[in-house]
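S.K.: A single structure is presented below for examination.
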Amino acid sequence: MKEKIETLRQTITSEIEQTQTGRAVYELKVRFQSELKEIMSGMKDLPKEERPAFGKIVNEFKQAMEELFEARSVVVKEMEMQKKYASERIDITMPGKTRKAGALHPITLVKNQLIDIFAGMGFKVFEGPEIETDYYNFTALNTPKDHPARDMQDTFYLAENLLLRTQTSAGQIRVMEKENPPIKILSPGRVFRSDDDATHSPMFHQMEGLVVDKGITLCDLQGMLAEFARKMFTSSTKVRLRPSYFPFTEPSVEVDLSCSECGGKGCRLCKGTGWIEVLGAGMVNRRVLENCGVDPDEYTGFAFGMGIERIAMLKYGVNNIKTLFENDTRFIEQFEE
Ligand code: DAH
């Protein structure tokens, strides 16, 4: 029996060296226990006087083996931890994976600023449809079918009487049909024209304004535009009105701002004139008021319309309208404030 114990000791001692995991140590221990039990079951065949001495040997053996298992468990546990650390290792000096934050498009920035400025003067925002009828886009705006002013804009027609709106002015009619004066609305949106060069795009954005009330005059328009110019550009920006023509306004004006680049002295941007044309405006033509059921003898109004791209290009010094639509993020993200 002593030999059996010796063999078991050797087997376990050599095999335990091979174990790499806690599970393997545990399984070896179970095997050891069952084999020891087997050996001990032979004790009853020993002469009585030899039993105590043998029992002592077995106990010592058992204790020594338990210590061995215990020690190996500690070693294996450490090995397992090291393996885990190695597999989970991260290099904190490596550059992180960053997700690019977006930025508002310059057109959106300018649109938001315009809304802020005019909302401060009591304007409400109204958004009209991009697909319009011929009536809202032209006829109701005092531009009948044979009117020469229709040649001013090359229109995308979808059907006989359906088109992509060429101007946000169409929204004026929609508002005046529904609401009674006093009216003070701002109408931003996309417009479409068959036009394409460095300063024109077939799709662009406009901001329309309309005020209708008793006693509204051209002075109100001028004062409000002066406020807009100071807030959008600089506090010293001046406004100039020049006579012009639009079928839906009478009188009509073209609005210039003093050049923000040279302060009015004359430079390349303003082509030496000191002024930059930014929008069209005028007193709402009495025919337009009549078309919407507003009495022109009781109410007067002014309207204005500007290209948002044009304002953005002037404000940010962009010289080709196409760069606004290429969606190059390196370009777009420069403008976020
Ligand atoms: N709708 C005109 C255009 O697209 C701009 C315009 C001019 C709007 C005069 C107005 C206005 O409201 O009064 O060219």
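Each chain in the structure tokens gets a letter, A, B and so on, in the order shown; residues start at 1 in every chain, and ligands are counted from 1 in the order they appear.
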Residues at most 12 Å from Asp256 of chain A, counting only C-alpha atoms, excluding those fewer than 6 positions away in the same chain, as a ChimeraX atom specification?

M.R.: /A:222,225-226,229,237-244,264,270,273-281,306,311

S.K.: Residues at most 8 Å from ligand 1, using only C-alpha atoms and all ligand atoms? Could they come as a list in words?

M.R.: Thr166, Gln167, Thr168, Ser169, Gln172, Gln206, Glu208, Gly209, Leu210, Phe246, Phe248, Thr249, Ser252, Val253, Glu254, Leu279, Gly280, Ala281, Gly282, Met283, Val284, Phe302, Ala303, Phe304, Gly305, Met306 and Gly307 of chain A

S.K.: For Val191 of chain A, list every protein, DNA or RNA residue within 12 Å, evaluated using only C-alpha atoms, and leave out those in the same chain fewer than 5 positions away; present the list as an MDAnalysis selection string.

M.R.: chainID A and resid 128:132 137 153:156 163:171 200:208 305:309

S.K.: Please determine, counting only C-alpha atoms, which residue among A:Tyr157, A:Tyr26, A:Tyr136, A:Phe123 has the shortest atom-to-atom distance to Glu177 of chain A.

M.R.: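 Among A:Tyr157, A:Tyr26, A:Tyr136, A:Phe123, it is A:Tyr136 that comes nearest to Glu177 of chain A.
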
S.K.: Quote the spacing between atom CA of Leu114 of chain A and atom CA of Pro188 of chain A in Å to one decimal place.

M.R.: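 Taking atom CA of Leu114 of chain A as the start and atom CA of Pro188 of chain A as the end point, the length is 9.3 Å.
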
S.K.: In terms of the shortest atom-to-atom distance over only C-alpha atoms, which of A:Ser260, A:Leu104, A:Thr21, A:Gly122 is closest to Lys83 of chain A?

M.R.: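 Checking each of A:Ser260, A:Leu104, A:Thr21, A:Gly122 against Lys83 of chain A, counting only C-alpha atoms, the winner is A:Thr21.
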
S.K.: Just checking: using only C-alpha atoms, which residue out of A:Phe138, A:Leu109, A:Ser73, A:Asp45 ends up closest to Ile16 of chain A?

M.R.: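 The closest residue to Ile16 of chain A is A:Ser73.
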
S.K.: Pull the helix (DSSP H, G or I) assignments for segment 215-256 of chain A out of DSSP run on the backbone, and list those residues as a list in words.

M.R.: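 Of segment 215-256 of chain A, only Leu218, Cys219, Asp220, Leu221, Gln222, Gly223, Met224, Leu225, Ala226, Glu227, Phe228, Ala229, Arg230, Lys231 and Met232 of chain A fall in helix (DSSP H, G or I).
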
S.K.: Store the residues picked out above, limited to N, CA, C and O atoms, as an mmCIF file, in the first residue's frame.

M.R.:
```cif
data_model
loop_
_atom_site.group_PDB
_atom_site.id
_atom_site.type_symbol
_atom_site.label_atom_id
_atom_site.label_comp_id
_atom_site.auth_asym_id
_atom_site.auth_seq_id
_atom_site.Cartn_x
_atom_site.Cartn_y
_atom_site.Cartn_z
ATOM 1 N N LEU A 218 -43.519 103.408 -46.701
ATOM 2 C CA LEU A 218 -42.179 103.013 -47.144
ATOM 3 C C LEU A 218 -41.131 103.309 -46.066
ATOM 4 O O LEU A 218 -40.102 102.649 -45.986
ATOM 5 N N CYS A 219 -41.424 104.302 -45.203
ATOM 6 C CA CYS A 219 -40.497 104.636 -44.117
ATOM 7 C C CYS A 219 -40.366 103.460 -43.140
ATOM 8 O O CYS A 219 -39.290 103.203 -42.608
ATOM 9 N N ASP A 220 -41.508 102.783 -42.921
ATOM 10 C CA ASP A 220 -41.464 101.620 -42.018
ATOM 11 C C ASP A 220 -40.540 100.560 -42.597
ATOM 12 O O ASP A 220 -39.762 99.936 -41.878
ATOM 13 N N LEU A 221 -40.668 100.367 -43.918
ATOM 14 C CA LEU A 221 -39.809 99.387 -44.588
ATOM 15 C C LEU A 221 -38.340 99.777 -44.439
ATOM 16 O O LEU A 221 -37.497 98.960 -44.053
ATOM 17 N N GLN A 222 -38.060 101.048 -44.689
ATOM 18 C CA GLN A 222 -36.674 101.498 -44.639
ATOM 19 C C GLN A 222 -36.081 101.357 -43.229
ATOM 20 O O GLN A 222 -34.951 100.885 -43.072
ATOM 21 N N GLY A 223 -36.871 101.720 -42.248
ATOM 22 C CA GLY A 223 -36.388 101.633 -40.853
ATOM 23 C C GLY A 223 -36.112 100.202 -40.450
ATOM 24 O O GLY A 223 -35.099 99.894 -39.805
ATOM 25 N N MET A 224 -37.022 99.329 -40.878
ATOM 26 C CA MET A 224 -36.864 97.929 -40.498
ATOM 27 C C MET A 224 -35.675 97.299 -41.209
ATOM 28 O O MET A 224 -34.941 96.504 -40.624
ATOM 29 N N LEU A 225 -35.448 97.685 -42.469
ATOM 30 C CA LEU A 225 -34.299 97.157 -43.201
ATOM 31 C C LEU A 225 -32.979 97.672 -42.615
ATOM 32 O O LEU A 225 -31.971 96.967 -42.604
ATOM 33 N N ALA A 226 -33.014 98.906 -42.106
ATOM 34 C CA ALA A 226 -31.807 99.473 -41.492
ATOM 35 C C ALA A 226 -31.425 98.634 -40.264
ATOM 36 O O ALA A 226 -30.254 98.331 -40.035
ATOM 37 N N GLU A 227 -32.439 98.270 -39.509
ATOM 38 C CA GLU A 227 -32.225 97.441 -38.316
ATOM 39 C C GLU A 227 -31.656 96.067 -38.711
ATOM 40 O O GLU A 227 -30.700 95.570 -38.114
ATOM 41 N N PHE A 228 -32.242 95.510 -39.758
ATOM 42 C CA PHE A 228 -31.766 94.213 -40.261
ATOM 43 C C PHE A 228 -30.294 94.303 -40.693
ATOM 44 O O PHE A 228 -29.470 93.463 -40.350
ATOM 45 N N ALA A 229 -29.947 95.374 -41.432
ATOM 46 C CA ALA A 229 -28.584 95.532 -41.952
ATOM 47 C C ALA A 229 -27.570 95.657 -40.820
ATOM 48 O O ALA A 229 -26.498 95.052 -40.864
ATOM 49 N N ARG A 230 -27.930 96.408 -39.789
ATOM 50 C CA ARG A 230 -27.011 96.602 -38.661
ATOM 51 C C ARG A 230 -26.796 95.294 -37.912
ATOM 52 O O ARG A 230 -25.697 94.979 -37.489
ATOM 53 N N LYS A 231 -27.880 94.552 -37.755
ATOM 54 C CA LYS A 231 -27.764 93.303 -36.984
ATOM 55 C C LYS A 231 -27.081 92.205 -37.795
ATOM 56 O O LYS A 231 -26.311 91.411 -37.265
ATOM 57 N N MET A 232 -27.375 92.121 -39.074
ATOM 58 C CA MET A 232 -26.814 91.036 -39.883
ATOM 59 C C MET A 232 -25.360 91.307 -40.245
ATOM 60 O O MET A 232 -24.541 90.409 -40.274
#
```
